[in-house]
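With compact mmCIF, C-alpha atoms inside, this is structure_16.txt:
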```
# COMPACT_ATOMS: atom_id res chain seq x y z
CA MET X 1 31.72 2.28 -6.15
CA LYS X 2 32.42 0.78 -9.55
CA ASN X 3 29.56 -0.20 -11.81
CA SER X 4 30.31 -3.89 -11.67
CA ALA X 5 30.39 -3.72 -7.88
CA ILE X 6 27.05 -1.88 -7.84
CA LEU X 7 25.48 -4.46 -10.13
CA LYS X 8 26.84 -7.32 -8.08
CA ASN X 9 25.31 -5.74 -5.01
CA VAL X 10 21.96 -5.19 -6.68
CA LYS X 11 21.91 -8.87 -7.64
CA LYS X 12 22.73 -9.90 -4.08
CA GLU X 13 19.93 -7.69 -2.73
CA THR X 14 17.49 -9.16 -5.25
CA LEU X 15 18.32 -12.68 -4.09
CA ILE X 16 17.85 -11.68 -0.44
CA VAL X 17 14.44 -10.15 -1.20
CA ILE X 18 13.31 -13.21 -3.17
CA GLY X 19 14.52 -15.46 -0.36
CA LEU X 20 12.53 -13.42 2.17
CA TYR X 21 9.47 -13.62 -0.06
CA LEU X 22 9.71 -17.41 -0.30
CA LEU X 23 10.15 -17.58 3.47
CA PHE X 24 7.10 -15.39 4.03
CA PHE X 25 5.01 -17.38 1.60
CA ALA X 26 6.02 -20.73 3.13
CA TRP X 27 5.29 -19.45 6.65
CA TRP X 28 1.98 -17.93 5.55
CA TYR X 29 0.86 -21.11 3.80
CA LEU X 30 2.07 -23.71 6.29
CA THR X 31 0.76 -21.94 9.39
CA ALA X 32 -2.55 -21.10 7.73
CA TYR X 33 -3.28 -24.61 6.52
CA GLY X 34 -1.14 -26.72 8.85
CA PHE X 35 -3.25 -26.52 12.02
CA GLY X 36 -6.04 -28.75 10.76
CA ASP X 37 -9.42 -28.12 9.20
CA ASP X 38 -11.80 -28.73 12.10
CA PRO X 39 -12.82 -25.53 13.89
CA SER X 40 -13.83 -27.48 17.00
CA GLU X 41 -10.21 -28.59 17.33
CA TYR X 42 -8.80 -25.06 17.15
CA GLY X 43 -6.46 -23.75 19.80
CA TYR X 44 -6.57 -20.05 20.62
CA ILE X 45 -3.89 -17.49 21.34
CA LEU X 46 -5.03 -14.09 22.68
CA GLY X 47 -8.47 -14.97 21.41
CA PHE X 48 -7.30 -15.54 17.85
CA PRO X 49 -7.38 -19.00 16.29
CA GLU X 50 -3.88 -20.46 16.21
CA TRP X 51 -3.60 -20.48 12.44
CA PHE X 52 -4.57 -16.82 12.25
CA PHE X 53 -2.26 -15.76 15.04
CA TYR X 54 0.79 -17.44 13.51
CA SER X 55 0.02 -16.80 9.87
CA CYS X 56 -1.25 -13.23 9.90
CA ILE X 57 0.11 -11.67 13.08
CA VAL X 58 3.43 -13.43 13.76
CA GLY X 59 4.10 -13.68 10.03
CA TYR X 60 3.63 -9.97 9.47
CA VAL X 61 5.67 -8.82 12.45
CA GLY X 62 8.33 -11.42 11.68
CA ILE X 63 8.78 -10.41 8.05
CA SER X 64 8.93 -6.73 9.04
CA VAL X 65 11.75 -7.41 11.51
CA LEU X 66 13.61 -9.62 9.01
CA LEU X 67 13.30 -6.97 6.31
CA TRP X 68 14.61 -4.30 8.63
CA ILE X 69 17.58 -6.48 9.57
CA CYS X 70 18.39 -7.28 5.94
CA VAL X 71 18.08 -3.70 4.74
CA ARG X 72 20.12 -2.43 7.67
CA PHE X 73 22.98 -4.93 7.36
CA PHE X 74 23.08 -6.30 3.81
CA PHE X 75 21.85 -3.47 1.63
CA THR X 76 24.24 -0.75 0.55
CA GLU X 77 23.50 2.87 -0.10
CA ILE X 78 24.46 3.91 -3.63
CA ASP X 79 25.05 7.41 -4.84
CA LEU X 80 22.48 7.87 -7.58
CA LYS X 81 24.01 11.12 -8.81
CA GLU X 82 27.14 9.24 -9.77
CA GLY X 83 25.14 6.24 -10.91
CA LYS X 84 24.24 7.67 -14.31
CA GLU X 85 26.51 5.28 -16.08
CA ALA X 86 25.58 2.30 -13.94
CA GLY X 87 23.45 -0.53 -15.20
CA LYS X 88 25.50 -0.88 -18.36
CA ASP X 89 26.81 -4.30 -19.17
CA ASP X 90 30.48 -3.57 -18.89
CA MET M 1 -28.98 20.53 9.37
CA THR M 2 -26.32 21.33 11.98
CA ASP M 3 -25.23 17.70 11.78
CA ARG M 4 -24.66 18.09 8.10
CA THR M 5 -22.64 21.31 8.36
CA GLY M 6 -20.57 19.69 11.10
CA MET M 7 -19.65 16.94 8.67
CA ILE M 8 -19.23 19.15 5.61
CA PHE M 9 -17.07 21.79 7.26
CA PRO M 10 -13.97 19.56 7.73
CA LEU M 11 -14.47 18.19 4.22
CA VAL M 12 -14.45 21.68 2.69
CA ILE M 13 -11.35 22.66 4.68
CA TYR M 14 -9.65 19.47 3.55
CA LEU M 15 -10.47 19.98 -0.12
CA ALA M 16 -9.28 23.60 0.09
CA PHE M 17 -6.07 22.39 1.72
CA ILE M 18 -5.47 19.89 -1.11
CA MET M 19 -6.03 22.62 -3.68
CA GLY M 20 -3.55 24.85 -1.83
CA ILE M 21 -0.92 22.12 -2.08
CA ALA M 22 -1.66 21.71 -5.78
CA PHE M 23 -1.02 25.40 -6.45
CA TRP M 24 2.15 25.26 -4.37
CA GLY M 25 3.36 22.29 -6.45
CA ASN M 26 2.46 24.15 -9.63
CA ALA M 27 4.43 27.21 -8.58
CA ARG M 28 7.42 25.03 -7.81
CA SER M 29 7.52 23.23 -11.12
CA ARG M 30 7.10 26.52 -13.00
CA LYS M 31 10.43 27.65 -11.63
CA LYS M 32 12.06 25.01 -13.82
CA THR M 33 11.86 26.89 -17.09
CA ASP M 34 13.37 24.46 -19.62
CA THR M 35 11.15 21.61 -20.80
CA ALA M 36 13.33 18.74 -19.63
CA GLY M 37 13.60 20.24 -16.15
CA PHE M 38 9.85 20.86 -16.08
CA MET M 39 9.03 17.28 -17.10
CA GLU M 40 11.30 15.84 -14.42
CA GLU M 41 9.87 18.17 -11.79
CA TYR M 42 6.22 17.77 -12.79
CA PHE M 43 6.19 13.99 -13.15
CA ILE M 44 8.73 12.81 -10.61
CA GLY M 45 9.60 15.81 -8.44
CA SER M 46 13.18 16.02 -9.78
CA ARG M 47 13.91 12.57 -8.26
CA SER M 48 14.31 14.14 -4.85
CA MET M 49 11.90 12.29 -2.56
CA GLY M 50 13.18 10.65 0.61
CA GLY M 51 12.51 7.30 2.21
CA PHE M 52 9.72 8.40 4.55
CA VAL M 53 7.84 10.08 1.71
CA LEU M 54 8.25 6.92 -0.37
CA ALA M 55 6.90 4.79 2.48
CA MET M 56 3.84 7.01 2.85
CA ALA M 57 3.26 7.05 -0.91
CA VAL M 58 3.39 3.23 -0.94
CA ILE M 59 0.92 3.11 1.96
CA THR M 60 -1.56 5.39 0.24
CA THR M 61 -1.18 3.43 -2.97
CA TYR M 62 -1.90 0.08 -1.38
CA ILE M 63 -4.42 1.25 1.19
CA SER M 64 -7.31 2.33 -0.95
CA ALA M 65 -11.04 2.61 -0.74
CA SER M 66 -11.20 -1.17 -0.56
CA SER M 67 -9.20 -1.18 2.68
CA PHE M 68 -11.55 1.16 4.51
CA VAL M 69 -14.89 0.84 2.74
CA GLY M 70 -15.26 -2.52 0.98
CA GLY M 71 -12.69 -4.72 2.71
CA PRO M 72 -13.94 -4.53 6.31
CA GLY M 73 -17.44 -5.34 5.12
CA VAL M 74 -16.31 -8.44 3.27
CA ALA M 75 -14.07 -9.43 6.19
CA TYR M 76 -17.02 -9.12 8.55
CA LYS M 77 -19.13 -11.26 6.27
CA VAL M 78 -16.70 -14.05 5.39
CA GLY M 79 -14.43 -13.99 8.45
CA LEU M 80 -10.71 -14.23 9.08
CA GLY M 81 -10.10 -16.03 5.79
CA TRP M 82 -10.42 -12.69 4.04
CA ILE M 83 -7.66 -11.24 6.19
CA LEU M 84 -5.48 -14.25 5.40
CA LEU M 85 -5.98 -13.48 1.73
CA SER M 86 -5.00 -9.84 2.18
CA MET M 87 -1.90 -10.76 4.21
CA ILE M 88 -0.30 -12.48 1.23
CA GLN M 89 -0.37 -9.09 -0.51
CA VAL M 90 2.08 -7.75 2.07
CA PRO M 91 5.18 -8.84 0.10
CA THR M 92 4.09 -6.95 -3.04
CA ALA M 93 5.62 -3.73 -1.74
CA PHE M 94 8.97 -5.12 -0.65
CA LEU M 95 9.23 -7.49 -3.61
CA THR M 96 8.66 -4.64 -6.06
CA LEU M 97 11.01 -2.23 -4.34
CA GLY M 98 13.63 -4.86 -3.54
CA VAL M 99 13.83 -6.41 -6.99
CA LEU M 100 13.08 -3.45 -9.25
CA GLY M 101 13.79 -0.38 -7.09
CA LYS M 102 17.51 0.11 -7.55
CA ARG M 103 17.52 -1.18 -11.13
CA PHE M 104 14.82 1.30 -12.10
CA ALA M 105 16.55 4.10 -10.21
CA LEU M 106 19.84 3.49 -12.03
CA ILE M 107 18.56 2.78 -15.51
CA ALA M 108 15.89 5.51 -15.43
CA ARG M 109 18.60 8.07 -14.68
CA ARG M 110 20.80 6.75 -17.46
CA THR M 111 18.03 6.77 -20.05
CA LYS M 112 16.36 9.90 -18.59
CA ALA M 113 13.12 7.94 -18.35
CA VAL M 114 10.31 9.64 -16.45
CA THR M 115 7.58 7.01 -16.69
CA ILE M 116 7.50 3.24 -17.04
CA THR M 117 6.53 3.77 -20.67
CA ASP M 118 9.71 5.81 -21.26
CA PHE M 119 11.60 2.99 -19.65
CA LEU M 120 10.07 0.41 -21.98
CA ARG M 121 10.78 2.65 -24.97
CA ALA M 122 14.44 2.88 -24.03
CA ARG M 123 14.62 -0.86 -23.54
CA TYR M 124 12.75 -2.14 -26.61
CA ASN M 125 12.91 0.80 -28.99
CA SER M 126 9.57 -0.18 -30.42
CA ASP M 127 6.44 1.90 -30.97
CA TYR M 128 4.21 -1.14 -30.54
CA VAL M 129 5.55 -1.80 -27.06
CA VAL M 130 4.96 1.84 -26.11
CA ILE M 131 1.41 1.86 -27.48
CA ALA M 132 0.55 -1.46 -25.84
CA ALA M 133 1.98 -0.28 -22.51
CA SER M 134 0.04 2.98 -22.70
CA ILE M 135 -3.23 1.24 -23.48
CA ALA M 136 -2.68 -1.30 -20.69
CA LEU M 137 -1.92 1.53 -18.27
CA LEU M 138 -5.09 3.39 -19.26
CA VAL M 139 -7.34 0.35 -19.02
CA PHE M 140 -6.05 -0.95 -15.69
CA PHE M 141 -5.80 2.46 -14.06
CA MET M 142 -9.36 3.21 -15.11
CA ALA M 143 -10.52 0.02 -13.43
CA SER M 144 -8.58 0.79 -10.28
CA MET M 145 -9.52 4.49 -10.14
CA LEU M 146 -13.16 3.67 -10.73
CA ALA M 147 -13.23 1.70 -7.49
CA GLN M 148 -11.63 4.62 -5.63
CA PHE M 149 -14.14 7.13 -6.93
CA ILE M 150 -17.06 4.85 -6.13
CA GLY M 151 -15.70 4.22 -2.63
CA GLY M 152 -15.10 7.92 -1.99
CA ALA M 153 -18.51 8.92 -3.28
CA ARG M 154 -20.30 6.22 -1.25
CA LEU M 155 -18.49 7.43 1.86
CA PHE M 156 -19.46 11.02 1.06
CA GLU M 157 -23.05 9.90 0.58
CA SER M 158 -23.25 8.07 3.90
CA ILE M 159 -21.54 10.85 5.88
CA THR M 160 -23.12 14.00 4.46
CA GLY M 161 -26.44 12.66 3.25
CA TYR M 162 -26.01 14.27 -0.16
CA SER M 163 -26.52 12.14 -3.23
CA TYR M 164 -23.98 9.68 -4.57
CA ARG M 165 -23.82 11.65 -7.79
CA THR M 166 -22.86 14.87 -5.97
CA GLY M 167 -20.08 13.03 -4.16
CA LEU M 168 -18.81 11.54 -7.39
CA ILE M 169 -18.68 14.97 -9.09
CA ILE M 170 -16.94 16.66 -6.15
CA PHE M 171 -14.33 13.90 -5.83
CA GLY M 172 -13.76 13.67 -9.56
CA ILE M 173 -13.25 17.40 -10.04
CA THR M 174 -10.98 17.71 -7.00
CA VAL M 175 -8.75 14.83 -8.03
CA ILE M 176 -8.49 15.95 -11.64
CA ILE M 177 -7.69 19.55 -10.72
CA TYR M 178 -5.11 18.86 -8.07
CA THR M 179 -3.24 16.16 -9.95
CA THR M 180 -3.21 18.19 -13.17
CA ILE M 181 -2.17 21.45 -11.58
CA GLY M 182 0.05 20.16 -8.82
CA GLY M 183 2.06 17.48 -10.57
CA PHE M 184 4.01 14.81 -8.78
CA ARG M 185 5.29 16.96 -5.94
CA ALA M 186 1.78 17.93 -4.86
CA VAL M 187 0.48 14.37 -5.20
CA VAL M 188 3.35 13.00 -3.16
CA LEU M 189 2.85 15.63 -0.48
CA THR M 190 -0.88 14.87 -0.18
CA ASP M 191 0.00 11.16 -0.23
CA THR M 192 2.36 11.69 2.67
CA ILE M 193 -0.19 13.67 4.68
CA GLN M 194 -2.91 11.13 3.96
CA GLY M 195 -0.57 8.25 4.75
CA ILE M 196 0.19 9.71 8.19
CA MET M 197 -3.52 10.36 8.77
CA MET M 198 -4.51 6.81 7.79
CA LEU M 199 -1.78 5.33 9.96
CA LEU M 200 -2.88 7.33 13.02
CA ALA M 201 -6.55 6.66 12.29
CA SER M 202 -5.94 2.91 11.98
CA VAL M 203 -4.14 2.80 15.33
CA ALA M 204 -6.88 4.90 16.96
CA LEU M 205 -9.52 2.67 15.41
CA LEU M 206 -7.83 -0.47 16.72
CA PHE M 207 -7.83 0.89 20.27
CA ALA M 208 -11.35 2.24 19.94
CA VAL M 209 -12.68 -1.10 18.72
CA THR M 210 -10.91 -3.18 21.35
CA SER M 211 -11.82 -0.85 24.21
CA ALA M 212 -15.46 -0.55 23.12
CA GLY M 213 -16.15 -3.84 24.84
CA ALA M 214 -14.95 -6.20 22.17
CA PRO M 215 -11.83 -7.99 23.33
CA PHE M 216 -10.15 -10.21 20.79
CA HIS M 217 -11.98 -13.40 21.73
CA ARG M 218 -15.10 -11.84 20.24
CA PHE M 219 -13.61 -12.39 16.83
CA ALA M 220 -13.77 -16.08 17.47
CA SER M 221 -17.16 -16.08 19.15
CA THR M 222 -18.85 -14.33 16.23
CA SER M 223 -18.31 -17.50 14.25
CA GLY M 224 -20.46 -19.41 16.73
CA PHE M 225 -17.83 -20.95 18.96
CA HIS M 226 -17.88 -20.49 22.69
CA ARG M 227 -15.13 -20.84 25.21
CA ASN M 228 -15.56 -23.77 27.58
CA SER M 229 -13.95 -24.42 30.95
CA SER M 230 -10.74 -25.77 29.47
CA GLY M 231 -10.14 -22.43 27.82
CA ARG M 232 -10.83 -23.78 24.37
CA TYR M 233 -13.71 -23.02 22.10
CA SER M 234 -16.24 -25.57 21.02
CA SER M 235 -19.24 -25.44 18.79
CA SER M 236 -21.50 -27.21 21.25
CA PRO M 237 -24.06 -24.87 22.81
CA ASN M 238 -23.96 -26.91 26.03
CA SER M 239 -20.38 -25.89 26.66
CA ARG M 240 -21.67 -22.44 27.55
CA ALA M 241 -23.26 -23.82 30.69
CA VAL M 242 -19.94 -25.40 31.65
CA ALA M 243 -18.20 -22.06 31.22
```
As structure tokens, please, write out the structure in this file.
Amino acid sequence: MKNSAILKNVKKETLIVIGLYLLFFAWWYLTAYGFGDDPSEYGYILGFPEWFFYSCIVGYVGISVLLWICVRFFFTEIDLKEGKEAGKDD
Amino acid sequence: MTDRTGMIFPLVIYLAFIMGIAFWGNARSRKKTDTAGFMEEYFIGSRSMGGFVLAMAVITTYISASSFVGGPGVAYKVGLGWILLSMIQVPTAFLTLGVLGKRFALIARRTKAVTITDFLRARYNSDYVVIAASIALLVFFMASMLAQFIGGARLFESITGYSYRTGLIIFGITVIIYTTIGGFRAVVLTDTIQGIMMLLASVALLFAVTSAGAPFHRFASTSGFHRNSSGRYSSSPNSRAVA
């Protein structure tokens, strides 16, 4: 792969990762704080409070699956032995 | 006394094992005779580590004494909010690797950088940057390593019954010797072994805790809420009679 192609790909992968981070953060924040403040109003899933179940359990499993999908389908393997000249602004 | 030896025996075997790995790593890096080859081998294992090893090294870096010694205690005291706080640290690993991983891999090879400081030197060409980076590294690593040593020594104290000071000395000497002698390859190998052990132990612990008579709804009931007939929890003590 040519250097410019490698760099283009690295940029694409960076954007994907940042997108996933923003998604994770939004999910983490909204599910953690979006179910209300009053513990007596809590709903429970598998014995966990709703906010905890969605934010910490679903969020974690979800981001792991999404990451696997993205790495598997959108990330490209680069040959680092031939990459010695890569990263230059050509 | 037999209790003590039962606890100390595995510890001694483990420390001997770590030392063995260190000497193996040392022998390996000695094979690279020229200085440049030795530096690459000693500090970064000739850039030859695979994905699984990387994953385990990341695990052992993030899972520290605070995850097993301090964290659970605080979580028990303050509740699920503490776990929420630790969950937002999950992206650190993939954000770092995803944004910086390939860039570092490519540019470090081009500039023959071995450490982050080398990398900064190649980028900024300034002694001040290098000195500042080195000092920052020293200060922050000291703070982070201090917590690890304290955690390890406290654990040693509570398990073996020997003094905190003894634990601190044993841990300190072991870590210094095996990192100095073994170099990166030995550290990464022990990281990998410890990563696998921690992973298995965490899974075993999860099943042990849940099967020891504490199903998940206990997590909620410890905060003073009881399940009533509608399957929801309420803070009213009367709802217990209904259930």
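Interatomic distance, CA of Tyr178 (chain M) against CA of Ala22 (chain M): 5.0 Å.
Distance check against chain X using all atoms listed in the file: of M:Ala55, M:Leu155, M:Ala27, M:Val90, the minimum falls on M:Val90.
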Taking only C-alpha atoms into account, produce a table as a tab-separated table in which each residue of chain X with an atom at most 9 Å from an atom of chain M appears once, together with its shortest atom pair and the distance in Å to one decimal, ordered by chain and rising number.
```
residue	atom	partner	partner_atom	distance
X:Leu7	CA	M:Arg103	CA	8.7
X:Val10	CA	M:Lys102	CA	7.0
X:Lys11	CA	M:Val99	CA	8.5
X:Glu13	CA	M:Gly98	CA	7.0
X:Thr14	CA	M:Val99	CA	4.9
X:Leu15	CA	M:Val99	CA	8.2
X:Ile16	CA	M:Gly98	CA	8.6
X:Val17	CA	M:Gly98	CA	5.8
X:Ile18	CA	M:Leu95	CA	7.0
X:Leu20	CA	M:Pro91	CA	8.9
X:Tyr21	CA	M:Pro91	CA	6.4
X:Phe24	CA	M:Pro91	CA	7.9
X:Phe25	CA	M:Ile88	CA	7.2
X:Trp28	CA	M:Ile88	CA	7.3
X:Ala32	CA	M:Leu84	CA	7.8
X:Pro39	CA	M:Ser234	CA	7.9
X:Ser40	CA	M:Ser234	CA	5.1
X:Glu41	CA	M:Ser234	CA	7.7
X:Tyr42	CA	M:Tyr233	CA	7.3
X:Gly43	CA	M:Arg232	CA	6.3
X:Tyr44	CA	M:Arg232	CA	6.8
X:Leu46	CA	M:Phe216	CA	6.7
X:Gly47	CA	M:His217	CA	3.9
X:Phe48	CA	M:His217	CA	6.4
X:Pro49	CA	M:Ala220	CA	7.1
X:Phe52	CA	M:Leu84	CA	7.4
X:Ser55	CA	M:Leu84	CA	7.5
X:Cys56	CA	M:Met87	CA	6.2
X:Gly59	CA	M:Met87	CA	8.9
X:Tyr60	CA	M:Met87	CA	7.7
X:Ile63	CA	M:Pro91	CA	8.9
X:Leu67	CA	M:Phe94	CA	8.4
X:Ile78	CA	M:Lys102	CA	8.8
X:Leu80	CA	M:Leu106	CA	6.8
X:Lys81	CA	M:Arg109	CA	8.5
X:Gly83	CA	M:Leu106	CA	6.1
X:Lys84	CA	M:Arg110	CA	4.8
X:Glu85	CA	M:Arg110	CA	6.1
X:Ala86	CA	M:Leu106	CA	6.2
X:Gly87	CA	M:Ile107	CA	5.9
X:Lys88	CA	M:Ile107	CA	8.3
```
message = Quick check, in Å to one decimal: how far apart do CA of Tyr76 (chain M) and CA of Leu168 (chain M) lie?
response =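 Spanning CA of Tyr76 (chain M) to CA of Leu168 (chain M) is a straight-line distance of 26.2 Å.
Minimum atom-to-atom distances from M:Ala75, M:Ala133, M:Ile63, M:Met145 to Ile196 (chain M) were compared using all atoms listed in the file, and the lowest value belongs to M:Ile63.
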inquiry  = Between X:Lys12, X:Ser4, X:Phe53, X:Ile45, which residue has the minimum interatomic distance to Trp27 (chain X), considering only C-alpha atoms?
reply    =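 Looking only at the distances to Trp27 (chain X), the closest residue turns out to be X:Phe53.
Note that the spacing between CA of Ser64 (chain M) and CA of Ser134 (chain M) amounts to 23.0 Å.
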task = Dump as number ranges by chain all residues having an atom at most 12 Å from (-6.5, 19.5, -7.8), computed in the file's coordinates with all atoms listed in the file.
result = M: 14-26, 170-184, 186-187, 190
